[in-house]
Every structure is written in structure tokens, then in C-alpha cells.
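Note: the block below is input07.txt and it holds compact mmCIF, C-alpha atoms.
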# COMPACT_ATOMS: atom_id res chain seq x y z
CA MET A 324 -11.07 -2.84 43.81
CA SER A 325 -10.80 -6.22 45.58
CA ARG A 326 -14.47 -5.96 46.59
CA PHE A 327 -15.42 -5.34 42.96
CA SER A 328 -13.38 -8.37 41.85
CA ASN A 329 -15.04 -10.46 44.56
CA LEU A 330 -18.44 -9.28 43.34
CA GLY A 331 -17.55 -10.37 39.81
CA HIS A 332 -16.59 -13.83 41.08
CA ARG A 333 -19.81 -14.14 43.08
CA LEU A 334 -21.85 -13.04 40.05
CA TYR A 335 -20.12 -15.62 37.87
CA GLN A 336 -20.71 -18.39 40.43
CA GLY A 337 -24.36 -17.42 40.83
CA GLU A 338 -24.00 -16.51 44.51
CA VAL A 339 -25.26 -13.00 43.71
CA SER A 340 -27.72 -12.20 40.93
CA PHE A 341 -29.44 -9.06 39.66
CA ASP A 342 -32.76 -9.78 37.97
CA PHE A 343 -32.30 -7.76 34.76
CA VAL A 344 -34.50 -10.03 32.65
CA GLY A 345 -37.33 -10.13 35.18
CA ARG A 346 -37.44 -6.32 35.24
CA ARG A 347 -37.56 -5.93 31.48
CA LYS A 348 -40.69 -3.76 31.61
CA VAL A 349 -38.76 -1.21 33.66
CA TRP A 350 -35.89 -1.17 31.14
CA TYR A 351 -38.30 -0.98 28.21
CA SER A 352 -40.00 2.02 29.82
CA ILE A 353 -36.68 3.80 30.42
CA SER A 354 -35.56 3.11 26.85
CA GLY A 355 -38.91 4.28 25.52
CA VAL A 356 -38.62 7.62 27.31
CA ILE A 357 -35.02 8.13 26.12
CA VAL A 358 -35.85 7.21 22.53
CA LEU A 359 -38.89 9.51 22.61
CA ILE A 360 -36.71 12.44 23.71
CA ALA A 361 -34.23 11.54 20.97
CA ALA A 362 -37.05 11.43 18.42
CA ILE A 363 -38.15 14.92 19.47
CA GLY A 364 -34.58 16.09 18.90
CA LEU A 365 -34.55 14.46 15.47
CA ALA A 366 -37.83 16.15 14.60
CA MET A 367 -36.12 19.47 15.33
CA GLY A 368 -33.51 18.59 12.71
CA LEU A 369 -29.82 17.76 12.54
CA HIS A 370 -27.07 20.32 12.09
CA LEU A 371 -25.46 18.86 8.97
CA GLY A 372 -21.93 19.84 8.00
CA ILE A 373 -21.08 21.22 4.61
CA GLU A 374 -19.88 17.78 3.54
CA PHE A 375 -23.56 16.81 3.43
CA LYS A 376 -25.37 20.02 2.44
CA GLY A 377 -22.63 21.87 0.54
CA GLY A 378 -20.90 25.19 1.22
CA SER A 379 -17.40 26.58 1.54
CA VAL A 380 -14.62 26.33 4.12
CA TYR A 381 -11.95 28.96 4.72
CA THR A 382 -8.88 28.14 6.76
CA VAL A 383 -6.93 31.09 8.18
CA SER A 384 -3.45 30.89 9.63
CA LYS A 385 -2.60 33.81 11.95
CA PRO A 386 -0.72 33.60 15.26
CA GLY A 387 -2.77 34.92 18.17
CA LEU A 388 -6.08 34.86 16.31
CA THR A 389 -8.84 33.60 18.61
CA VAL A 390 -12.11 31.91 17.69
CA SER A 391 -14.17 34.83 19.03
CA GLN A 392 -12.20 37.34 16.96
CA ALA A 393 -12.56 35.22 13.83
CA GLN A 394 -16.30 34.74 14.54
CA GLU A 395 -16.86 38.50 14.80
CA THR A 396 -14.99 39.12 11.55
CA ALA A 397 -16.79 36.32 9.69
CA ASP A 398 -20.19 37.63 10.84
CA ASN A 399 -19.32 40.99 9.26
CA VAL A 400 -18.22 39.39 5.99
CA VAL A 401 -21.07 36.94 5.38
CA SER A 402 -24.74 36.94 6.37
CA SER A 403 -25.41 33.19 6.65
CA HIS A 404 -24.25 32.64 10.26
CA PRO A 405 -20.83 31.06 9.63
CA LEU A 406 -19.44 28.39 11.94
CA VAL A 407 -15.96 29.15 13.30
CA GLN A 408 -13.76 26.51 14.93
CA SER A 409 -10.12 26.05 15.84
CA THR A 410 -8.26 23.13 14.24
CA ASP A 411 -5.72 20.76 15.72
CA ASN A 412 -2.78 22.61 14.10
CA GLY A 413 -3.71 26.03 15.50
CA LYS A 414 -5.52 27.36 12.43
CA ILE A 415 -9.01 28.87 12.33
CA ARG A 416 -11.69 27.13 10.26
CA ILE A 417 -14.60 29.25 8.96
CA GLN A 418 -17.51 27.34 7.49
CA VAL A 419 -20.03 29.13 5.27
CA SER A 420 -23.31 27.55 4.12
CA VAL A 421 -24.28 27.05 0.50
CA GLU A 422 -27.02 29.72 0.82
CA GLU A 423 -24.43 32.52 0.98
CA GLN A 424 -24.80 34.85 -2.01
CA LYS A 425 -21.18 36.06 -2.15
CA SER A 426 -18.65 34.16 -4.22
CA SER A 427 -15.81 32.29 -2.56
CA ASP A 428 -13.22 34.66 -4.06
CA GLU A 429 -15.03 37.68 -2.65
CA ILE A 430 -15.33 36.13 0.82
CA ARG A 431 -11.67 35.10 0.76
CA ALA A 432 -10.54 38.60 -0.17
CA GLN A 433 -12.65 40.26 2.55
CA LEU A 434 -11.42 37.83 5.20
CA SER A 435 -7.84 38.58 4.18
CA GLU A 436 -8.46 42.31 4.44
CA LYS A 437 -10.36 42.38 7.74
CA LEU A 438 -8.06 39.89 9.47
CA ALA A 439 -4.96 41.68 8.16
CA VAL A 440 -3.35 38.54 6.72
CA PRO A 441 -1.90 37.86 3.25
CA LEU A 442 -4.40 36.49 0.75
CA ASP A 443 -2.40 33.31 0.24
CA THR A 444 -2.78 32.42 3.95
CA VAL A 445 -6.57 32.15 3.54
CA GLU A 446 -7.27 28.73 2.05
CA ALA A 447 -10.67 28.12 0.42
CA GLN A 448 -12.49 24.88 -0.29
CA VAL A 449 -15.88 24.84 -2.02
CA ILE A 450 -18.17 21.79 -1.74
CA GLY A 451 -21.22 21.54 -3.98
CA PRO A 452 -24.58 20.20 -2.74
CA SER A 453 -24.47 17.30 -5.25
CA TRP A 454 -21.25 16.02 -3.70
CA GLY A 455 -22.82 16.24 -0.26
CA LYS A 456 -25.81 14.24 -1.48
CA GLN A 457 -23.47 11.50 -2.70
CA ILE A 458 -21.75 11.40 0.69
CA SER A 459 -25.12 11.10 2.45
CA GLN A 460 -26.16 8.23 0.19
CA LYS A 461 -22.87 6.43 0.77
CA ALA A 462 -23.22 6.83 4.53
CA LEU A 463 -26.76 5.44 4.46
CA THR A 464 -25.69 2.57 2.20
CA GLY A 465 -22.82 1.71 4.54
CA LEU A 466 -25.17 1.67 7.52
CA ILE A 467 -27.71 -0.59 5.77
CA VAL A 468 -24.99 -3.00 4.61
CA PHE A 469 -23.62 -3.14 8.15
CA MET A 470 -27.06 -3.97 9.59
CA VAL A 471 -27.71 -6.68 6.99
CA LEU A 472 -24.33 -8.35 7.57
CA VAL A 473 -24.85 -8.24 11.34
CA THR A 474 -28.26 -9.88 11.02
CA ILE A 475 -26.95 -12.63 8.74
CA TYR A 476 -23.96 -13.33 10.99
CA LEU A 477 -26.02 -13.57 14.18
CA ALA A 478 -28.69 -15.71 12.50
CA ILE A 479 -26.00 -18.17 11.38
CA ALA A 480 -23.79 -18.09 14.48
CA PHE A 481 -26.67 -18.12 16.97
CA GLU A 482 -30.32 -17.96 15.82
CA TRP A 483 -32.76 -15.49 14.33
CA ARG A 484 -34.17 -14.43 17.72
CA MET A 485 -30.73 -13.34 18.85
CA ALA A 486 -30.28 -11.51 15.55
CA VAL A 487 -33.55 -9.64 16.08
CA ALA A 488 -32.67 -8.72 19.68
CA ALA A 489 -29.19 -7.50 18.67
CA LEU A 490 -30.61 -5.50 15.75
CA VAL A 491 -33.17 -3.79 18.01
CA ALA A 492 -30.35 -2.91 20.43
CA LEU A 493 -28.27 -1.45 17.59
CA ILE A 494 -31.15 0.69 16.33
CA HIS A 495 -31.81 1.75 19.93
CA ASP A 496 -28.19 2.95 20.30
CA LEU A 497 -28.21 4.69 16.93
CA LEU A 498 -31.45 6.59 17.62
CA ILE A 499 -30.22 7.76 21.01
CA THR A 500 -26.87 8.97 19.66
CA ILE A 501 -28.37 10.80 16.68
CA GLY A 502 -31.05 12.30 18.93
CA VAL A 503 -28.42 13.67 21.31
CA TYR A 504 -26.61 15.24 18.33
CA ALA A 505 -29.83 16.96 17.32
CA LEU A 506 -30.59 18.17 20.85
CA VAL A 507 -27.15 19.63 21.59
CA GLY A 508 -26.75 21.06 18.09
CA PHE A 509 -23.41 19.42 17.30
CA GLU A 510 -22.44 19.36 13.65
CA VAL A 511 -22.79 16.06 11.78
CA THR A 512 -19.69 15.42 9.67
CA PRO A 513 -18.11 12.36 8.02
CA GLY A 514 -16.24 11.94 11.31
CA THR A 515 -19.61 11.63 13.04
CA VAL A 516 -20.64 8.85 10.65
CA ILE A 517 -17.38 7.04 11.40
CA GLY A 518 -18.19 7.41 15.10
CA PHE A 519 -21.68 5.95 14.53
CA LEU A 520 -20.27 2.89 12.79
CA THR A 521 -17.67 2.48 15.53
CA ILE A 522 -20.22 2.47 18.34
CA LEU A 523 -22.41 0.01 16.45
CA GLY A 524 -19.46 -2.34 16.22
CA TYR A 525 -18.74 -1.94 19.93
CA SER A 526 -22.39 -2.45 20.89
CA LEU A 527 -22.52 -5.57 18.75
CA TYR A 528 -19.35 -6.93 20.37
CA ASP A 529 -20.75 -6.45 23.86
CA THR A 530 -24.06 -8.07 22.90
CA VAL A 531 -22.36 -11.07 21.25
CA VAL A 532 -20.28 -11.69 24.39
CA VAL A 533 -23.45 -11.82 26.49
CA PHE A 534 -25.32 -13.95 23.94
CA ASP A 535 -22.46 -16.44 23.75
CA THR A 536 -22.64 -16.98 27.52
CA VAL A 537 -26.43 -17.25 27.35
CA LYS A 538 -26.10 -19.84 24.60
CA GLU A 539 -23.76 -21.93 26.77
CA ASN A 540 -26.06 -21.66 29.79
CA THR A 541 -29.14 -22.76 27.84
CA LYS A 542 -27.71 -25.90 26.22
CA GLY A 543 -29.93 -28.84 27.13
CA LEU A 544 -32.14 -26.55 29.17
CA THR A 545 -35.34 -28.46 28.38
CA LYS A 546 -33.93 -31.61 30.04
CA GLN A 547 -34.16 -30.12 33.53
CA ASN A 548 -36.88 -28.58 35.67
CA ARG A 549 -34.98 -26.09 37.85
CA LEU A 550 -34.59 -22.99 35.63
CA THR A 551 -36.69 -21.31 32.97
CA TYR A 552 -35.05 -19.80 29.89
CA SER A 553 -35.37 -16.29 31.32
CA GLU A 554 -33.59 -17.33 34.51
CA ALA A 555 -30.80 -19.09 32.62
CA ALA A 556 -30.37 -16.05 30.35
CA ASN A 557 -30.30 -13.76 33.38
CA ALA A 558 -27.61 -15.95 34.95
CA GLY A 559 -25.49 -15.62 31.79
CA LEU A 560 -26.00 -11.87 31.82
CA ASN A 561 -24.80 -11.67 35.42
CA GLN A 562 -21.72 -13.75 34.60
CA THR A 563 -20.63 -11.20 32.00
CA LEU A 564 -21.84 -8.10 33.88
CA VAL A 565 -18.52 -7.09 35.43
CA ARG A 566 -16.68 -7.70 32.16
CA SER A 567 -19.14 -5.47 30.29
CA LEU A 568 -18.84 -2.70 32.87
CA ASN A 569 -15.04 -2.87 32.92
CA THR A 570 -14.85 -2.78 29.13
CA THR A 571 -17.21 0.19 28.96
CA VAL A 572 -15.38 2.23 31.60
CA VAL A 573 -11.98 1.60 30.00
CA ALA A 574 -13.36 2.61 26.59
CA LEU A 575 -15.11 5.71 27.92
CA LEU A 576 -12.08 7.20 29.69
CA PRO A 577 -10.04 8.14 26.57
CA VAL A 578 -13.18 9.21 24.72
CA ALA A 579 -14.12 11.46 27.66
CA ALA A 580 -10.65 12.98 27.49
CA LEU A 581 -11.18 13.78 23.80
CA LEU A 582 -14.61 15.28 24.38
CA PHE A 583 -14.20 17.23 27.62
CA ILE A 584 -10.50 18.08 27.61
CA GLY A 585 -9.65 18.16 23.91
CA GLY A 586 -12.92 19.66 22.69
CA GLY A 587 -13.94 21.57 25.83
CA LEU A 588 -10.87 22.87 27.65
CA LEU A 589 -8.40 23.01 24.74
CA GLY A 590 -10.98 24.23 22.23
CA ALA A 591 -10.23 21.64 19.54
CA GLY A 592 -13.73 21.80 18.07
CA THR A 593 -12.98 19.35 15.29
CA LEU A 594 -12.74 16.58 17.91
CA ASN A 595 -16.32 17.05 19.06
CA ASP A 596 -17.99 15.48 16.04
CA ILE A 597 -16.52 12.02 16.57
CA SER A 598 -15.91 12.09 20.35
CA LEU A 599 -19.55 12.88 21.23
CA ALA A 600 -20.78 10.04 19.02
CA LEU A 601 -18.35 7.64 20.68
CA PHE A 602 -19.14 8.80 24.22
CA ILE A 603 -22.93 8.61 23.93
CA GLY A 604 -22.81 5.46 21.79
CA LEU A 605 -20.50 3.53 24.12
CA ALA A 606 -22.69 4.30 27.13
CA ALA A 607 -25.89 3.45 25.23
CA GLY A 608 -24.32 0.27 23.87
CA ALA A 609 -23.43 -1.00 27.33
CA TYR A 610 -26.95 -0.25 28.56
CA SER A 611 -28.67 -1.87 25.58
CA SER A 612 -26.64 -5.10 25.72
CA ILE A 613 -27.62 -5.55 29.38
CA CYS A 614 -31.10 -4.06 29.64
CA VAL A 615 -32.53 -4.35 26.11
CA ALA A 616 -30.95 -7.12 24.02
CA THR A 617 -30.93 -9.96 26.59
CA PRO A 618 -34.40 -9.25 28.10
CA LEU A 619 -35.85 -9.04 24.57
CA LEU A 620 -34.15 -12.31 23.62
CA ALA A 621 -35.61 -14.02 26.69
CA GLN A 622 -39.06 -12.65 25.86
CA LEU A 623 -38.87 -14.02 22.31
CA LYS A 624 -37.59 -17.41 23.47
CA GLU A 625 -40.30 -17.76 26.10
CA GLU A 626 -42.86 -17.73 23.28
CA GLN A 627 -41.55 -21.06 21.94
CA PRO A 628 -43.79 -24.06 22.79
CA GLU A 629 -40.92 -26.04 24.33
CA MET A 630 -39.97 -23.08 26.53
CA LYS A 631 -43.59 -22.64 27.62
CA ALA A 632 -43.67 -26.33 28.56
CA LEU A 633 -40.37 -25.94 30.43
CA ARG A 634 -41.70 -22.97 32.33
CA LYS A 635 -44.77 -24.93 33.37
CA ARG A 636 -42.64 -27.88 34.58
CA VAL A 637 -40.34 -25.57 36.53
CA LEU A 638 -43.24 -23.84 38.25
CA GLN A 639 -44.94 -27.16 39.04
CA HIS A 640 -41.71 -28.53 40.49
CA ARG A 641 -41.23 -25.46 42.69
CA ALA A 642 -44.85 -25.41 43.83
CA ALA A 643 -44.69 -29.09 44.75
CA ALA A 644 -41.44 -28.55 46.65
CA ALA A 645 -42.90 -25.55 48.50
CA ALA A 646 -46.04 -27.49 49.38
CA LYS A 647 -43.97 -30.45 50.59
CA ALA A 648 -41.85 -28.17 52.76
CA ALA A 649 -45.05 -26.81 54.32
CA GLY A 650 -46.37 -30.31 55.02
CA ASP A 651 -48.98 -30.12 52.27
CA ALA A 652 -47.38 -31.88 49.28
CA ALA A 653 -49.51 -32.37 46.19
CA PRO A 654 -50.31 -35.99 45.22
CA GLU A 655 -47.96 -37.37 42.62
CA GLY A 656 -49.18 -36.92 39.06
CA GLU A 657 -51.68 -34.19 39.95
CA GLU A 658 -51.19 -31.03 37.91
CA ILE A 659 -50.91 -27.60 39.44
CA ALA A 660 -52.77 -24.83 37.67
CA ASP A 661 -50.94 -21.64 36.75
CA GLU A 662 -53.39 -19.55 38.71
CA ASP A 663 -52.63 -21.60 41.82
CA LEU A 664 -48.92 -20.81 41.72
CA PRO A 665 -47.36 -18.40 44.22
CA ALA A 666 -47.25 -14.78 43.11
CA GLY A 667 -43.87 -13.60 41.83
CA MET A 668 -42.72 -17.12 40.93
CA VAL A 669 -42.31 -16.39 37.22
CA GLY A 670 -38.93 -14.98 36.29
CA GLN A 671 -37.36 -15.55 39.70
CA ARG A 672 -34.24 -17.62 40.18
CA GLY A 673 -33.80 -20.08 43.04
CA ARG A 674 -36.37 -21.32 45.52
CA ALA A 675 -39.91 -20.06 45.52
CA ALA A 676 -41.08 -18.04 48.48
CA GLY A 677 -44.25 -18.97 50.29
CA THR A 678 -46.55 -21.98 49.86
CA THR A 679 -49.20 -23.00 47.38
CA ARG A 680 -52.00 -25.46 46.97
CA ALA A 681 -52.59 -28.26 44.50
CA LYS A 682 -55.29 -28.04 41.89
CA GLY A 683 -58.60 -29.06 43.37
CA ARG A 684 -57.24 -29.15 46.93
CA PRO A 685 -57.48 -26.28 49.42
CA SER A 686 -54.32 -25.03 51.09
CA THR A 687 -53.90 -25.80 54.77
CA LYS A 688 -51.92 -22.64 55.40
CA ARG A 689 -53.91 -19.73 56.81
Have the structure of the file written as C-alpha cells, please.
Amino acid sequence: MSRFSNLGHRLYQGEVSFDFVGRRKVWYSISGVIVLIAAIGLAMGLHLGIEFKGGSVYTVSKPGLTVSQAQETADNVVSSHPLVQSTDNGKIRIQVSVEEQKSSDEIRAQLSEKLAVPLDTVEAQVIGPSWGKQISQKALTGLIVFMVLVTIYLAIAFEWRMAVAALVALIHDLLITIGVYALVGFEVTPGTVIGFLTILGYSLYDTVVVFDTVKENTKGLTKQNRLTYSEAANAGLNQTLVRSLNTTVVALLPVAALLFIGGGLLGAGTLNDISLALFIGLAAGAYSSICVATPLLAQLKEEQPEMKALRKRVLQHRAAAAAKAAGDAAPEGEEIADEDLPAGMVGQRGRAAGTTRAKGRPSTKR
């Protein structure tokens, strides 16, 4: 633990640095593959709960009744592949799709008979498809409003490039989480939507913390010739790296307990809908704030004319210093062409490795 704390201090002081921004093509490729897999899952379709597509729910209270026993009975009563889960209070929840031809009263009576329980212990709730459509529209509206407010806030508090980078990271996290839901076949319920909104808020928080440090590091950046914007942004990312990892681990531990212990070992299936969204979303949010949002921000900023000019000055300064150290300093006032710069100079922090030659003059190093 003390070594990890020491690493965090060295990262903050700049003694140690991981080049996340310089390796953005690697992160983009990884994200592209993950999003592609998620898109394939989405193309296969989501398993929507009855709150969205309509249907009926029957709750049975019987001591000793197991999920497998209730599933076997429900399969004999209805023909539309009912979903059977245990609830937090020990009851059995049987979910029947809207395509079922039998009436709710008939299903309720047959469940009571085959499970050998009084009719009044079988609770029925019928949800029409129109109500589910309204819920879907409200969920989509809430998501759009959230995205718009996030964009406006970041554009005002920071700048539009940061807003774009944060929005791309949010969409990235959302696509991955929804894709995982489609691939594993978990049911999408209103609890799932709440989980989606929660992870978007967490991802945004993590990204804003990084962006705030980047903003501080890049104040007055064009007045110096030691660091490019990408390098300054990467330094800010490293300063907040340990904090981001600590926050993510602490948040993932209770969510993992809900998902693997509560939903897996204890069989509380109703916990899975929200806990899976939180678990996947928290992990994706930590990754996107480090490997997607900040590298994308640096890429957008490097397209500004003043940042291009800064980059050229930084590279010229480093090339001149390297040439001077090798005993072959360029004459003062003579420009150094980009193609004459040492390979690997762009996007690297600190001193340049190797030597170079001034424009129009051959290098003396062999």
C-alpha cells in the first residue's frame, strides 16, 4: 500500500509518467473492438422487461418453493417461456409476456392449483404495451436531457472541445454497457435505466476531475516552449491517475458484492438488472476518462493554430538543445524543418533522445 501511495506522489510530481495521450491510437483501437462487439450484441436484440413491452407478473408466496420448481410449473401453465426469479423477500416472481393467449385470471388459478397454494397468495399485475411504450419514451427523453445538460455545462465551465470529448466518452460507456446486457441476455428493467443514468453521472464526474487538472496545467501554455498541449494534458492525467483508480475500486467493491454474491450466490435475481449496469459502467467509465476522453481532447486541441505553433516551437527548442549537446548546434534564427526532427519526438515528455540536424546543414553524427 505504501508503494502505491509513493507511486501516486511520484506521478503527481511528474517523476513517473505513463504516456496515455501519446498512445491514443492503441486506446482507440481497443475501444473500437469493444464497441463493435457491443454493437453485435445490440443487433441481436435486448431482452426487455414487461415494463417496456407489456405482460403480466405473478408473485407467489410459499415457504420452501424453489425457483426451479416454480419454473417447471410455470412452463406447464403458459407457453410463452415465462421468466421466474426469486425476490428479496423470499417470494417467487413469474413474468409472462404479452403474447400469452391465456387470461391473467386463468393463469393465476392454474398456478394456485399446481403449486398447491391458496388463490389469494398468488398476486397478479398486468401491464399493457401502451404503458411500456410510455416508459420507454420517458427513459429516452431522460437520457437525451441528461446529455444536453452535460454538454451545456462542460461548454460553459470548460470549453466545447472538452464537452465533445466528455460526450464521446459517455456514449462509449453507454454503448458498452447496453451491448453487454444484450450479449449476456440480462433483462432490461426500469432499474437498469436507473443504473445507466448512475454510471453516466459517475463517468462524467471522473472525466471532469481529469479535465479540471488538465485545465490548470495548460494555463499560459503558449508562453513557454518546453511542453506541447498533449504532454501537459498527459501530465494532468497522470496526476489524477491514482485518484481515479482508487475511486473506481472503492465503487466497484460493493457493486461486485451485489452482482456476484447477492445475485449469484444468494439468488436474488432482481438485483442483477441494476448491479450489472453499475459494474460494467463503472469499469468502462474509468477506462474512458483515462484512455478516451483526455486523448481525444488533446487531439482536438492540437488542431488549433496556436497549439500547432506551440508544438513547432517546442520541437525546434528540443532539436536545438539536442544538437548543441552533440556539439552541432544550429545557428541562431535558423528554422528546423519538421522532417528533420528526431523520430518519436512528438508526444513525448522531457528531453528528446538522439541528435538532429539543422535545416540545410548536414548532421555531423554518423
Determine, for each residue of range 351-457 of chain A having at least one atom at most 10 Å from an atom of range 609-633 of chain A, the closest pair of atoms and their separation in Å to one decimal, counting all atoms listed in the file; order by chain and ascending number, as CSV.
residue,atom,partner,partner_atom,distance
A:Tyr351,CA,A:Val615,CA,7.0
A:Ile353,CA,A:Cys614,CA,9.7
A:Ser354,CA,A:Val615,CA,8.1
message: Just to confirm, what's the straight-line distance from CA of His640 in chain A to CA of Lys538 in chain A in Å (one decimal)?
response: 23.9 Å
- prompt: Could you tell me, as a ChimeraX atom specification, which residues have any atom at most 10 Å from (-19.6, 22.8, 0.1), counting all atoms listed in the file?
  reply: /A:372-380,418-421,448-455
Given the selection you just returned, output its residues as a file containing C-alpha atoms, formatted as a PDB file, in the frame of the given file.
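Saved to part.pdb:
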ATOM      1  CA  GLY A 372     -21.930  19.840   8.000  1.00  0.00           C
ATOM      2  CA  ILE A 373     -21.080  21.220   4.610  1.00  0.00           C
ATOM      3  CA  GLU A 374     -19.880  17.780   3.540  1.00  0.00           C
ATOM      4  CA  PHE A 375     -23.560  16.810   3.430  1.00  0.00           C
ATOM      5  CA  LYS A 376     -25.370  20.020   2.440  1.00  0.00           C
ATOM      6  CA  GLY A 377     -22.630  21.870   0.540  1.00  0.00           C
ATOM      7  CA  GLY A 378     -20.900  25.190   1.220  1.00  0.00           C
ATOM      8  CA  SER A 379     -17.400  26.580   1.540  1.00  0.00           C
ATOM      9  CA  VAL A 380     -14.620  26.330   4.120  1.00  0.00           C
ATOM     10  CA  GLN A 418     -17.510  27.340   7.490  1.00  0.00           C
ATOM     11  CA  VAL A 419     -20.030  29.130   5.270  1.00  0.00           C
ATOM     12  CA  SER A 420     -23.310  27.550   4.120  1.00  0.00           C
ATOM     13  CA  VAL A 421     -24.280  27.050   0.500  1.00  0.00           C
ATOM     14  CA  GLN A 448     -12.490  24.880  -0.290  1.00  0.00           C
ATOM     15  CA  VAL A 449     -15.880  24.840  -2.020  1.00  0.00           C
ATOM     16  CA  ILE A 450     -18.170  21.790  -1.740  1.00  0.00           C
ATOM     17  CA  GLY A 451     -21.220  21.540  -3.980  1.00  0.00           C
ATOM     18  CA  PRO A 452     -24.580  20.200  -2.740  1.00  0.00           C
ATOM     19  CA  SER A 453     -24.470  17.300  -5.250  1.00  0.00           C
ATOM     20  CA  TRP A 454     -21.250  16.020  -3.700  1.00  0.00           C
ATOM     21  CA  GLY A 455     -22.820  16.240  -0.260  1.00  0.00           C
TER      22      GLY A 455
END
Given 3 Å of margin on each side, can you work out the centre and size in Å (one decimal) of an axis-aligned box holding every listed atom of range 395-405 of chain A, as AutoDock Vina command-line options?
--center_x -20.2 --center_y 36.0 --center_z 10.1 --size_x 16.4 --size_y 15.9 --size_z 15.4
- request: Please indicate the distance in Å from CA of Leu371 in chain A to CA of Gly502 in chain A, rounded to one decimal place.
  value: 13.2 Å
- line: Taken to one decimal, the CA of Leu369 in chain A-CA of Ala505 in chain A distance is 4.8 Å
